[in-house]
$ cat work10.tsv   # TSV, C-alpha atoms and all ligand atoms
chain	number	residue	atom	x	y	z
A	2	MET	CA	-67.05	2.00	3.07
A	3	THR	CA	-66.00	5.62	2.94
A	4	GLY	CA	-64.28	7.19	0.00
A	5	PHE	CA	-61.22	7.65	2.17
A	6	GLU	CA	-58.24	5.68	1.08
A	7	GLU	CA	-54.98	5.84	2.93
A	8	VAL	CA	-52.16	7.18	0.78
A	9	PRO	CA	-49.18	4.87	1.11
A	10	GLN	CA	-46.18	6.71	2.52
A	11	ARG	CA	-43.10	6.17	0.44
A	12	ILE	CA	-41.09	9.29	1.13
A	13	ILE	CA	-41.55	10.37	4.75
A	14	SER	CA	-41.21	7.57	7.28
A	15	ASP	CA	-41.77	9.52	10.50
A	16	TYR	CA	-43.72	12.78	10.48
A	17	SER	CA	-43.29	13.28	14.22
A	18	LYS	CA	-39.59	14.08	13.71
A	19	LEU	CA	-40.57	17.08	11.60
A	20	GLU	CA	-42.94	18.66	14.10
A	21	PHE	CA	-42.05	21.96	15.79
A	22	ASP	CA	-42.05	20.59	19.29
A	23	TYR	CA	-39.83	17.65	18.45
A	24	VAL	CA	-36.36	18.35	19.81
A	25	PRO	CA	-33.51	16.33	18.31
A	26	ASP	CA	-30.82	14.86	20.59
A	27	THR	CA	-28.28	17.32	19.27
A	28	LEU	CA	-28.77	20.75	17.81
A	29	VAL	CA	-26.55	21.04	14.80
A	30	HIS	CA	-24.10	24.00	14.86
A	31	ARG	CA	-25.25	25.20	18.25
A	32	ASP	CA	-22.42	23.66	20.30
A	33	ALA	CA	-21.11	27.08	21.31
A	34	GLN	CA	-24.46	28.22	22.72
A	35	MET	CA	-24.99	24.87	24.44
A	36	LYS	CA	-21.55	25.01	26.05
A	37	GLN	CA	-22.14	28.54	27.22
A	38	LEU	CA	-25.44	27.59	28.85
A	39	THR	CA	-23.94	24.50	30.42
A	40	SER	CA	-21.06	26.40	31.95
A	41	ILE	CA	-23.36	29.12	33.25
A	42	PHE	CA	-25.56	26.52	34.88
A	43	SER	CA	-22.97	24.24	36.40
A	44	PRO	CA	-22.73	26.35	39.61
A	45	VAL	CA	-26.49	25.89	40.07
A	46	VAL	CA	-25.79	22.33	41.07
A	47	ASP	CA	-22.21	22.53	42.28
A	48	ALA	CA	-22.49	25.68	44.38
A	49	ASN	CA	-26.24	26.04	44.84
A	50	ARG	CA	-26.29	29.30	42.93
A	51	SER	CA	-29.16	30.48	40.80
A	52	GLN	CA	-28.64	31.97	37.35
A	53	LYS	CA	-30.32	34.31	34.95
A	54	VAL	CA	-29.67	33.99	31.23
A	55	PHE	CA	-30.92	35.87	28.21
A	56	LEU	CA	-31.15	34.26	24.76
A	57	THR	CA	-31.74	36.38	21.70
A	58	GLY	CA	-31.92	35.80	17.94
A	59	GLY	CA	-34.31	35.81	14.99
A	60	VAL	CA	-37.17	33.44	14.21
A	61	GLY	CA	-36.07	29.86	13.67
A	62	SER	CA	-32.58	30.36	15.06
A	63	GLY	CA	-33.05	27.49	17.51
A	64	LYS	CA	-33.67	29.41	20.75
A	65	SER	CA	-36.72	27.45	21.89
A	66	ALA	CA	-35.38	24.10	20.75
A	67	LEU	CA	-32.01	24.64	22.39
A	68	SER	CA	-33.46	25.79	25.69
A	69	LYS	CA	-35.67	22.70	25.84
A	70	ARG	CA	-32.82	20.37	24.91
A	71	PHE	CA	-30.71	22.04	27.58
A	72	CYS	CA	-33.40	21.67	30.27
A	73	LEU	CA	-33.92	17.99	29.48
A	74	ASP	CA	-30.19	17.24	29.56
A	75	PHE	CA	-29.60	19.38	32.63
A	76	ARG	CA	-32.38	17.63	34.54
A	77	ASP	CA	-30.94	14.21	33.72
A	78	TRP	CA	-27.43	15.30	34.59
A	79	GLY	CA	-28.60	16.76	37.92
A	80	ARG	CA	-30.48	13.63	38.79
A	81	GLY	CA	-27.31	11.67	38.22
A	82	LYS	CA	-25.79	13.84	40.93
A	83	GLY	CA	-28.77	13.34	43.22
A	84	LYS	CA	-30.19	16.86	42.66
A	85	ASN	CA	-33.83	17.42	42.00
A	86	ILE	CA	-33.88	19.69	38.96
A	87	GLU	CA	-37.20	20.65	37.43
A	88	PHE	CA	-38.03	22.98	34.59
A	89	VAL	CA	-41.09	24.74	33.24
A	90	ILE	CA	-41.27	26.29	29.79
A	91	VAL	CA	-43.79	29.09	29.46
A	92	ASN	CA	-44.63	30.64	26.13
A	93	CYS	CA	-45.44	34.24	26.97
A	94	ARG	CA	-47.21	34.82	23.70
A	95	SER	CA	-50.03	32.61	24.94
A	96	ARG	CA	-49.56	33.50	28.62
A	97	ASN	CA	-48.90	37.20	28.77
A	98	THR	CA	-50.05	38.05	32.31
A	99	PRO	CA	-48.28	37.38	35.62
A	100	SER	CA	-51.05	35.10	36.87
A	101	GLY	CA	-51.17	33.22	33.56
A	102	VAL	CA	-47.43	32.57	33.82
A	103	LEU	CA	-47.55	31.63	37.51
A	104	LEU	CA	-50.45	29.26	36.98
A	105	LYS	CA	-48.48	27.40	34.38
A	106	ILE	CA	-45.52	27.14	36.77
A	107	LEU	CA	-47.62	26.03	39.74
A	108	ASP	CA	-49.42	23.49	37.62
A	109	ARG	CA	-46.08	21.72	37.34
A	110	PHE	CA	-46.09	21.06	41.08
A	111	GLN	CA	-49.79	20.84	41.73
A	112	PRO	CA	-51.77	19.74	38.68
A	113	ASN	CA	-55.16	21.44	38.39
A	114	PHE	CA	-54.13	24.35	40.56
A	115	PRO	CA	-57.28	26.53	40.71
A	116	ASP	CA	-57.10	29.29	38.11
A	117	ARG	CA	-58.64	31.99	40.28
A	118	GLY	CA	-58.70	33.20	43.84
A	119	PHE	CA	-54.98	33.81	44.40
A	120	SER	CA	-53.00	37.00	43.99
A	121	THR	CA	-49.58	36.88	42.35
A	122	THR	CA	-47.94	37.42	45.75
A	123	GLU	CA	-49.82	34.44	47.14
A	124	MET	CA	-48.93	32.32	44.14
A	125	LEU	CA	-45.26	33.19	44.56
A	126	GLU	CA	-45.46	32.12	48.22
A	127	ILE	CA	-47.08	28.83	47.26
A	128	LEU	CA	-44.34	28.29	44.71
A	129	ARG	CA	-41.73	28.90	47.38
A	130	LYS	CA	-43.33	26.30	49.65
A	131	GLN	CA	-43.49	23.74	46.88
A	132	ILE	CA	-39.84	24.30	46.00
A	133	THR	CA	-38.80	23.93	49.61
A	134	ARG	CA	-40.94	20.88	50.17
A	135	ASP	CA	-39.61	19.04	47.12
A	136	ASN	CA	-36.07	20.40	47.53
A	137	VAL	CA	-36.13	21.55	43.93
A	138	PHE	CA	-33.80	23.53	41.74
A	139	LEU	CA	-36.27	25.11	39.38
A	140	VAL	CA	-35.44	26.46	35.93
A	141	ILE	CA	-38.13	28.67	34.47
A	142	VAL	CA	-37.96	29.38	30.75
A	143	LEU	CA	-39.89	32.48	29.72
A	144	ASP	CA	-40.04	32.16	25.95
A	145	GLU	CA	-40.98	35.32	24.00
A	146	VAL	CA	-40.68	37.21	27.28
A	147	ASP	CA	-40.89	40.58	25.48
A	148	VAL	CA	-44.59	39.90	24.87
A	149	LEU	CA	-45.20	39.47	28.60
A	150	ILE	CA	-43.33	42.67	29.40
A	151	LYS	CA	-45.06	44.69	26.76
A	152	LYS	CA	-48.47	43.49	27.91
A	153	SER	CA	-47.97	43.41	31.67
A	154	GLY	CA	-44.77	45.24	32.55
A	155	SER	CA	-41.74	43.77	34.30
A	156	ASP	CA	-43.15	43.25	37.83
A	157	LEU	CA	-43.23	39.47	37.57
A	158	LEU	CA	-39.76	39.34	36.13
A	159	TYR	CA	-38.58	41.49	39.00
A	160	SER	CA	-40.22	39.22	41.60
A	161	LEU	CA	-38.82	36.08	40.05
A	162	SER	CA	-35.35	37.66	39.89
A	163	ARG	CA	-35.53	38.53	43.56
A	164	PHE	CA	-36.99	35.17	44.52
A	165	ASP	CA	-33.75	33.95	46.05
A	166	ASP	CA	-33.20	37.10	48.09
A	167	GLU	CA	-35.49	35.47	50.59
A	168	LYS	CA	-33.66	32.22	50.34
A	169	VAL	CA	-35.47	28.99	50.97
A	170	SER	CA	-32.52	28.08	53.10
A	171	GLU	CA	-29.39	29.93	54.10
A	172	HIS	CA	-27.08	28.44	51.48
A	173	ARG	CA	-29.38	27.40	48.73
A	174	HIS	CA	-30.63	29.29	45.73
A	175	SER	CA	-33.51	27.61	44.03
A	176	LEU	CA	-34.85	29.50	41.05
A	177	SER	CA	-33.07	30.17	37.77
A	178	LEU	CA	-34.41	31.98	34.75
A	179	ILE	CA	-33.87	31.54	31.03
A	180	LEU	CA	-35.35	34.51	29.19
A	181	ILE	CA	-35.85	34.26	25.44
A	182	SER	CA	-36.69	36.96	22.95
A	183	GLN	CA	-36.33	37.72	19.27
A	184	ARG	CA	-35.79	41.33	20.21
A	185	GLN	CA	-32.63	42.74	21.65
A	186	ILE	CA	-32.56	43.08	25.40
A	187	HIS	CA	-32.33	46.92	25.25
A	188	ASP	CA	-35.46	47.11	23.12
A	189	PHE	CA	-37.82	46.06	25.86
A	190	LEU	CA	-36.07	45.83	29.25
A	191	ASP	CA	-35.22	48.80	31.42
A	192	ALA	CA	-31.62	49.50	32.35
A	193	ALA	CA	-32.09	48.45	36.00
A	194	THR	CA	-33.33	44.98	35.02
A	195	ILE	CA	-30.69	44.57	32.33
A	196	SER	CA	-27.99	45.32	34.89
A	197	THR	CA	-29.05	42.22	36.84
A	198	ILE	CA	-28.13	40.00	33.87
A	199	LYS	CA	-24.40	39.58	33.42
A	200	ARG	CA	-23.08	40.34	29.98
A	201	SER	CA	-21.54	36.89	29.78
A	202	ASN	CA	-25.02	35.45	30.41
A	203	GLN	CA	-26.42	37.01	27.25
A	204	ILE	CA	-26.29	34.44	24.48
A	205	ARG	CA	-26.76	35.40	20.88
A	206	PHE	CA	-28.20	33.13	18.16
A	207	ASP	CA	-27.12	34.31	14.74
A	208	ARG	CA	-28.96	33.42	11.58
A	209	TYR	CA	-27.90	30.11	10.10
A	210	SER	CA	-25.76	30.11	6.97
A	211	LYS	CA	-26.65	28.02	3.95
A	212	ASP	CA	-24.19	25.30	4.93
A	213	GLU	CA	-25.49	25.15	8.48
A	214	LEU	CA	-29.07	24.90	7.23
A	215	GLY	CA	-27.91	22.10	4.92
A	216	ASP	CA	-26.67	20.15	7.93
A	217	ILE	CA	-29.89	20.83	9.86
A	218	VAL	CA	-31.98	19.63	6.92
A	219	GLY	CA	-29.68	16.62	6.50
A	220	GLN	CA	-30.27	15.62	10.12
A	221	ARG	CA	-34.06	15.64	9.55
A	222	VAL	CA	-33.69	13.69	6.33
A	223	ASP	CA	-31.91	10.94	8.27
A	224	LEU	CA	-34.50	11.02	11.05
A	225	ALA	CA	-37.72	11.29	9.08
A	226	PHE	CA	-37.28	10.09	5.50
A	227	PHE	CA	-36.93	6.69	3.87
A	228	PRO	CA	-33.34	6.03	2.74
A	229	GLY	CA	-32.49	7.29	-0.73
A	230	THR	CA	-35.53	9.56	-1.09
A	231	VAL	CA	-33.72	12.89	-0.60
A	232	GLU	CA	-30.38	13.30	-2.31
A	233	ASP	CA	-27.67	15.74	-1.29
A	234	ASP	CA	-28.35	18.19	-4.09
A	235	ILE	CA	-31.96	18.48	-2.92
A	236	VAL	CA	-30.75	19.17	0.63
A	237	GLY	CA	-28.52	21.92	-0.80
A	238	PHE	CA	-31.38	23.34	-2.86
A	239	ILE	CA	-33.64	23.56	0.21
A	240	ALA	CA	-30.86	25.06	2.32
A	241	GLY	CA	-30.18	27.70	-0.35
A	242	ILE	CA	-33.81	28.81	-0.38
A	243	ALA	CA	-34.03	28.89	3.41
A	244	ALA	CA	-30.71	30.76	3.69
A	245	GLU	CA	-32.48	33.93	2.69
A	246	PHE	CA	-34.15	33.93	6.08
A	247	GLY	CA	-31.50	31.91	7.92
A	248	ASP	CA	-34.46	30.23	9.52
A	249	ALA	CA	-34.35	26.52	10.47
A	250	ARG	CA	-38.10	26.35	10.92
A	251	PHE	CA	-38.61	27.47	7.36
A	252	ALA	CA	-36.04	24.95	6.12
A	253	ILE	CA	-37.68	22.03	7.95
A	254	GLU	CA	-41.13	23.05	6.81
A	255	LEU	CA	-39.93	23.30	3.24
A	256	LEU	CA	-38.40	19.83	3.53
A	257	GLU	CA	-41.63	18.38	4.90
A	258	ASN	CA	-43.82	20.03	2.25
A	259	SER	CA	-41.48	18.85	-0.50
A	260	GLY	CA	-41.75	15.30	0.85
A	261	ARG	CA	-45.52	15.46	1.00
A	262	ILE	CA	-45.80	16.75	-2.56
A	263	ALA	CA	-43.41	14.08	-3.87
A	264	ASN	CA	-45.47	11.44	-2.09
A	265	GLU	CA	-48.77	12.73	-3.45
A	266	GLU	CA	-47.34	12.55	-6.94
A	267	GLY	CA	-46.26	8.98	-6.38
A	268	ALA	CA	-42.61	9.89	-6.98
A	269	GLU	CA	-39.78	7.72	-5.69
A	270	GLN	CA	-37.65	10.67	-4.67
A	271	VAL	CA	-37.98	14.35	-3.87
A	272	MET	CA	-37.24	16.28	-7.09
A	273	PRO	CA	-36.39	19.98	-7.59
A	274	GLU	CA	-39.85	20.68	-8.95
A	275	HIS	CA	-41.41	19.36	-5.71
A	276	VAL	CA	-39.25	21.79	-3.77
A	277	ARG	CA	-40.29	24.70	-6.00
A	278	THR	CA	-43.96	23.91	-5.49
A	279	ALA	CA	-43.41	23.54	-1.75
A	280	LYS	CA	-41.56	26.85	-1.66
A	281	ALA	CA	-44.58	28.80	-2.84
A	282	MET	CA	-46.75	27.11	-0.18
A	283	THR	CA	-44.26	27.54	2.62
A	284	TYR	CA	-43.57	31.22	1.99
A	285	SER	CA	-47.16	32.08	2.35
A	286	VAL	CA	-47.61	30.34	5.71
A	287	VAL	CA	-44.31	31.44	7.21
A	288	THR	CA	-44.72	35.05	6.15
A	289	GLU	CA	-48.12	35.21	7.76
A	290	SER	CA	-46.84	33.76	11.01
A	291	LYS	CA	-44.12	36.40	11.07
A	292	ILE	CA	-46.41	39.33	10.35
A	293	GLU	CA	-49.21	38.37	12.70
A	294	PRO	CA	-47.41	39.12	16.02
A	295	LEU	CA	-45.98	42.48	14.85
A	296	GLU	CA	-47.23	45.60	16.57
A	297	LYS	CA	-49.50	47.85	14.55
A	298	HIS	CA	-46.94	50.42	13.46
A	299	MET	CA	-44.58	47.71	12.27
A	300	LYS	CA	-47.39	46.34	10.16
A	301	LEU	CA	-48.00	49.84	8.80
A	302	THR	CA	-44.30	50.15	7.97
A	303	LEU	CA	-44.39	46.85	6.13
A	304	LEU	CA	-47.50	47.88	4.27
A	305	ALA	CA	-45.85	51.13	3.20
A	306	VAL	CA	-42.77	49.35	1.89
A	307	SER	CA	-44.78	46.68	0.07
A	308	ARG	CA	-46.71	49.40	-1.76
A	309	ILE	CA	-43.82	51.50	-3.01
A	310	ILE	CA	-41.45	48.66	-3.83
A	311	ARG	CA	-43.82	46.97	-6.24
A	312	LYS	CA	-42.20	48.14	-9.45
A	313	LYS	CA	-38.68	48.55	-8.11
A	314	THR	CA	-35.84	46.37	-6.92
A	315	ASN	CA	-35.29	48.51	-3.84
A	316	VAL	CA	-36.36	51.72	-2.13
A	317	SER	CA	-34.52	54.13	0.14
A	318	THR	CA	-35.43	54.52	3.79
A	319	GLY	CA	-36.43	58.13	3.09
A	320	GLU	CA	-38.98	57.00	0.50
A	321	ALA	CA	-40.21	54.36	2.92
A	322	GLU	CA	-40.71	56.90	5.67
A	323	GLU	CA	-42.76	59.16	3.41
A	324	ALA	CA	-44.92	56.23	2.37
A	325	TYR	CA	-45.28	55.26	6.03
A	326	ALA	CA	-46.63	58.72	6.85
A	327	LEU	CA	-49.25	58.34	4.11
A	328	VAL	CA	-50.26	54.90	5.34
A	329	CYS	CA	-50.63	56.27	8.88
A	330	GLU	CA	-52.92	58.97	7.58
A	331	GLU	CA	-55.01	56.37	5.79
A	332	PHE	CA	-55.39	54.38	9.00
A	333	GLY	CA	-55.97	57.44	11.17
A	334	GLU	CA	-52.75	56.91	13.15
A	335	GLU	CA	-50.15	59.40	14.29
A	336	PRO	CA	-46.81	58.48	12.64
A	337	ARG	CA	-44.10	57.55	15.14
A	338	ALA	CA	-40.89	59.56	15.42
A	339	HIS	CA	-38.01	59.04	13.03
A	340	THR	CA	-35.93	57.01	15.49
A	341	ARG	CA	-38.84	54.66	16.16
A	342	PHE	CA	-39.35	54.21	12.46
A	343	TRP	CA	-35.71	53.17	12.18
A	344	GLU	CA	-36.19	50.62	14.93
A	345	TYR	CA	-39.14	49.17	13.03
A	346	LEU	CA	-37.07	48.84	9.87
A	347	ASN	CA	-34.22	47.18	11.73
A	348	TYR	CA	-36.56	44.80	13.47
A	349	LEU	CA	-38.28	43.87	10.21
A	350	GLY	CA	-34.79	43.27	8.81
A	351	ASP	CA	-33.88	41.04	11.77
A	352	VAL	CA	-36.89	38.78	11.31
A	353	GLY	CA	-36.21	38.51	7.58
A	354	LEU	CA	-39.30	40.32	6.33
A	355	LEU	CA	-37.21	43.08	4.79
A	356	GLY	CA	-33.67	43.13	3.48
A	357	LEU	CA	-31.56	46.12	4.52
A	358	SER	CA	-28.29	46.99	2.87
A	359	ALA	CA	-25.99	49.98	2.92
A	360	SER	CA	-25.79	51.57	-0.51
A	361	GLY	CA	-22.34	52.99	0.04
A	362	LYS	CA	-21.81	56.70	-0.46
A	363	GLY	CA	-24.78	58.32	-2.10
A	364	ARG	CA	-25.28	61.92	-3.04
A	365	VAL	CA	-26.44	62.70	0.47
A	366	GLY	CA	-23.96	60.55	2.33
A	367	LYS	CA	-24.53	56.96	3.31
A	368	THR	CA	-28.01	55.58	2.81
A	369	THR	CA	-29.67	52.29	3.51
A	370	LEU	CA	-31.65	50.47	0.85
A	371	ILE	CA	-34.64	48.26	1.51
A	372	THR	CA	-35.33	45.12	-0.50
A	373	LEU	CA	-37.93	42.37	-0.25
A	374	PRO	CA	-36.50	38.90	0.29
A	375	ASP	CA	-38.30	36.98	-2.41
A	376	ILE	CA	-41.82	37.67	-1.22
A	377	PRO	CA	-43.86	39.23	-4.03
A	378	ALA	CA	-44.83	42.75	-2.94
A	379	GLY	CA	-48.46	42.20	-3.93
A	380	ILE	CA	-48.80	39.12	-1.71
A	381	LEU	CA	-47.11	40.90	1.17
A	382	GLU	CA	-49.45	43.88	0.86
A	383	GLU	CA	-52.48	41.63	0.79
A	384	LYS	CA	-51.36	39.71	3.87
A	385	VAL	CA	-50.55	42.80	5.92
A	386	LEU	CA	-53.85	44.38	4.98
A	387	SER	CA	-55.83	41.31	6.00
A	388	LEU	CA	-53.96	41.15	9.32
A	389	LEU	CA	-54.50	44.87	9.98
A	390	LYS	CA	-58.24	44.42	9.78
L	1	LIG	N1	-29.42	23.74	15.29
L	1	LIG	C1	-30.53	23.03	15.02
L	1	LIG	N2	-30.48	21.71	14.78
L	1	LIG	C2	-31.59	21.00	14.52
L	1	LIG	N3	-32.82	21.54	14.49
L	1	LIG	C3	-32.95	22.87	14.71
L	1	LIG	C4	-31.81	23.67	15.00
L	1	LIG	N4	-32.21	24.95	15.20
L	1	LIG	C5	-33.54	24.95	15.04
L	1	LIG	N5	-34.00	23.70	14.76
L	1	LIG	C6	-35.38	23.34	14.51
L	1	LIG	O1	-35.98	24.41	13.79
L	1	LIG	C7	-37.26	24.72	14.29
L	1	LIG	C8	-37.28	26.15	14.79
L	1	LIG	O2	-36.43	26.28	15.91
L	1	LIG	P1	-36.87	27.08	17.23
L	1	LIG	O3	-36.01	26.65	18.33
L	1	LIG	O4	-38.34	26.95	17.41
L	1	LIG	O5	-36.51	28.57	16.78
L	1	LIG	P2	-36.75	29.93	17.57
L	1	LIG	O6	-37.28	29.59	18.92
L	1	LIG	O7	-35.40	30.58	17.61
L	1	LIG	O8	-37.72	30.69	16.72
L	1	LIG	C9	-37.55	23.70	15.37
L	1	LIG	O9	-38.26	22.63	14.78
L	1	LIG	C10	-36.17	23.24	15.80
L	1	LIG	O10	-36.19	21.92	16.29
L	2	MG	MG	-39.11	30.13	19.70
$ encode --input "work10.tsv" --output "structure tokens"
Amino acid sequence: MTGFEEVPQRIISDYSKLEFDYVPDTLVHRDAQMKQLTSIFSPVVDANRSQKVFLTGGVGSGKSALSKRFCLDFRDWGRGKGKNIEFVIVNCRSRNTPSGVLLKILDRFQPNFPDRGFSTTEMLEILRKQITRDNVFLVIVLDEVDVLIKKSGSDLLYSLSRFDDEKVSEHRHSLSLILISQRQIHDFLDAATISTIKRSNQIRFDRYSKDELGDIVGQRVDLAFFPGTVEDDIVGFIAGIAAEFGDARFAIELLENSGRIANEEGAEQVMPEHVRTAKAMTYSVVTESKIEPLEKHMKLTLLAVSRIIRKKTNVSTGEAEEAYALVCEEFGEEPRAHTRFWEYLNYLGDVGLLGLSASGKGRVGKTTLITLPDIPAGILEEKVLSLLK
């Protein structure tokens, strides 16, 4: 006998429906984006055209989930029409070199493709042969593509975009791209590359509102919880907390943690106090996962703000910039120019780590005020410091 005793599950009936890689049949409140993708891609099958699409939006806005749902549905739909559609999803945060990305793609056609010995040009040629041989329409999803470009430049993107210039056959295009990034297209792609992506092929994912998050949470309650264990007011409570970030991942994680805590306490239902306890837990994990991938000077910016905001409700961007200069000195870094600093602030605002609001007319014209969305400044400072080391 071991001391391990299985805890009976009375709240959550199916944990798998709460995992990040689980993709529900329908993505709530993303009909517009789904329709846009579908209409962009219908010529791929009907007219043998390839497409290039760019999806952008903050963390947890459903970009990865929607692209996967789309690929699955598109493949099935194509097969119904006798077309061989395949897709590969590459996360460029874990594969940030051209050969890393190409290996993942080739592995789809030739499992255990050797991971050394081929140049990228050779790998692209092999890919072309495979596509021709299998008569495939391939959709490649490059998720978090800005990381690839920052690390390795845009050569691979360029090659993949031009792939169909040397067509596999006279009238057939074979390779489409879905590019995904939290950052705006202009922040990391050069003008020449951007010009190859039609404006109407750039799809924006706005933050979810409280009501939308409520519906997303409600869907997971139906999928993953025993009936009657999560009442509507609890769904609303969770949605309200998550609305600060507009982040569905945060909302689902908060729901799951609330369910676990309720279960551990032997409760029959999820109660507000379970959600409050879960909130403290979830903030800490989510915040860390948002800070970790930031580039160094964004971390320094965040550190600067967390230090000066401690005893205040907000600080001005001017105060933040002065504090940033001090932090740079402390870390032996050259402060970036004013315009870069502004980009950092805006980016940190976009991912929900900072709140930015116009203060109206101040003494010196219009200013922007920085707030912290519910993360205690002390905890934020501690986290950034530990991640800077
Ligand atoms: N509209 C939605 N309906 C249902 N679940 C959603 C929706 N949007 C996001 N999710 C879920 O929230 C989590 C985060 O979404 P994800 O697509 O990974 O966000 P992003 O890639 O934009 O950071 C995933 O578990 C996803 O399934
Ligand atoms: Mg994603």
$ closest_residue --input "work10.tsv" --among "A:Thr194, A:Gly260, A:Phe206, A:Leu149" --to "A:Ala225" --atoms "all atoms listed in the file"
A:Gly260
$ closest_residue --input "work10.tsv" --among "A:Tyr284, A:Phe114, A:Tyr345, A:Tyr209" --to "ligand LIG 1 (chain L)" --atoms "only C-alpha atoms and all ligand atoms"
A:Tyr209
$ residues_around --input "work10.tsv" --residues "stretch 328-331 of chain A" --least-positions-apart "6" --cutoff "8 Å" --atoms "only C-alpha atoms" --output "PyMOL selection string"
chain A and resi 301+304-305
$ residues_around --input "work10.tsv" --residues "A:Pro44" --least-positions-apart "5" --cutoff "12 Å" --atoms "only C-alpha atoms" --output "PDB file with C-alpha atoms, in the frame of the given file"
ATOM      1  CA  LEU A  38     -25.440  27.590  28.850  1.00  0.00           C
ATOM      2  CA  THR A  39     -23.940  24.500  30.420  1.00  0.00           C
ATOM      3  CA  ASN A  49     -26.240  26.040  44.840  1.00  0.00           C
ATOM      4  CA  ARG A  50     -26.290  29.300  42.930  1.00  0.00           C
ATOM      5  CA  SER A  51     -29.160  30.480  40.800  1.00  0.00           C
ATOM      6  CA  GLN A  52     -28.640  31.970  37.350  1.00  0.00           C
ATOM      7  CA  LYS A  53     -30.320  34.310  34.950  1.00  0.00           C
ATOM      8  CA  GLY A  79     -28.600  16.760  37.920  1.00  0.00           C
ATOM      9  CA  PHE A 138     -33.800  23.530  41.740  1.00  0.00           C
ATOM     10  CA  ARG A 173     -29.380  27.400  48.730  1.00  0.00           C
ATOM     11  CA  HIS A 174     -30.630  29.290  45.730  1.00  0.00           C
ATOM     12  CA  SER A 175     -33.510  27.610  44.030  1.00  0.00           C
ATOM     13  CA  SER A 177     -33.070  30.170  37.770  1.00  0.00           C
TER      14      SER A 177
END
$ residues_near_ligand --input "work10.tsv" --ligand "ligand LIG 1 (chain L)" --cutoff "9 Å" --atoms "all atoms listed in the file" --output "JSON, numbers by chain"
{"A": [18, 19, 20, 21, 22, 23, 24, 25, 26, 27, 28, 29, 30, 31, 32, 57, 58, 59, 60, 61, 62, 63, 64, 65, 66, 67, 68, 69, 144, 145, 181, 182, 183, 206, 209, 213, 214, 216, 217, 218, 220, 221, 248, 249, 250, 251, 252, 253, 254]}
$ atom_distance --input "work10.tsv" --atom1 "atom CA of A:Lys84" --atom2 "atom CA of A:Leu56"
25.0 Å
$ axis_aligned_box --input "work10.tsv" --around "stretch 150-153 of chain A" --padding-each-side "8 Å" --output "JSON"
{"center_x": -45.9, "center_y": 43.7, "center_z": 29.2, "size_x": 21.1, "size_y": 18.0, "size_z": 20.9}
$ residues_near_point --input "work10.tsv" --point "(-32.5, 32.7, 32.7)" --cutoff "6 Å" --atoms "all atoms listed in the file" --output "PyMOL selection string"
chain A and resi 53-55+177-180
$ atom_distance --input "work10.tsv" --atom1 "atom CA of A:Tyr325" --atom2 "atom CA of A:Ile310"
12.5 Å
$ residues_around --input "work10.tsv" --residues "stretch 72-78 of chain A" --least-positions-apart "4" --cutoff "8 Å" --atoms "all atoms listed in the file" --output "list in words"
Thr39, Ser68, Lys82, Asn85, Ile86, Glu87, Phe88 and Val140 of chain A
$ closest_residue --input "work10.tsv" --among "A:Ile90, A:Tyr348, A:Leu224, A:Met299" --to "ligand MG 2 (chain L)" --atoms "all atoms listed in the file"
A:Ile90
$ atom_distance --input "work10.tsv" --atom1 "atom CA of A:Ala326" --atom2 "atom CA of A:Glu344"
15.5 Å
$ closest_residue --input "work10.tsv" --among "A:Val102, A:Val91, A:Val271, A:Leu354" --to "ligand MG 2 (chain L)" --atoms "all atoms listed in the file"
A:Val91
$ residues_around --input "work10.tsv" --residues "A:Ile292" --least-positions-apart "5" --cutoff "8 Å" --atoms "all atoms listed in the file" --output "compact mmCIF listing (two decimals) with C-alpha atoms, in the frame of the given file"
# COMPACT_ATOMS: atom_id res chain seq x y z
CA LYS A 300 -47.39 46.34 10.16
CA VAL A 385 -50.55 42.80 5.92
CA LEU A 388 -53.96 41.15 9.32
$ closest_residue --input "work10.tsv" --among "A:Phe332, A:Phe42, A:Trp343, A:Phe71" --to "A:Thr318" --atoms "all atoms listed in the file"
A:Trp343
$ closest_residue --input "work10.tsv" --among "A:Ile239, A:Ile106, A:Val8, A:Val146" --to "ligand MG 2 (chain L)" --atoms "all atoms listed in the file"
A:Val146
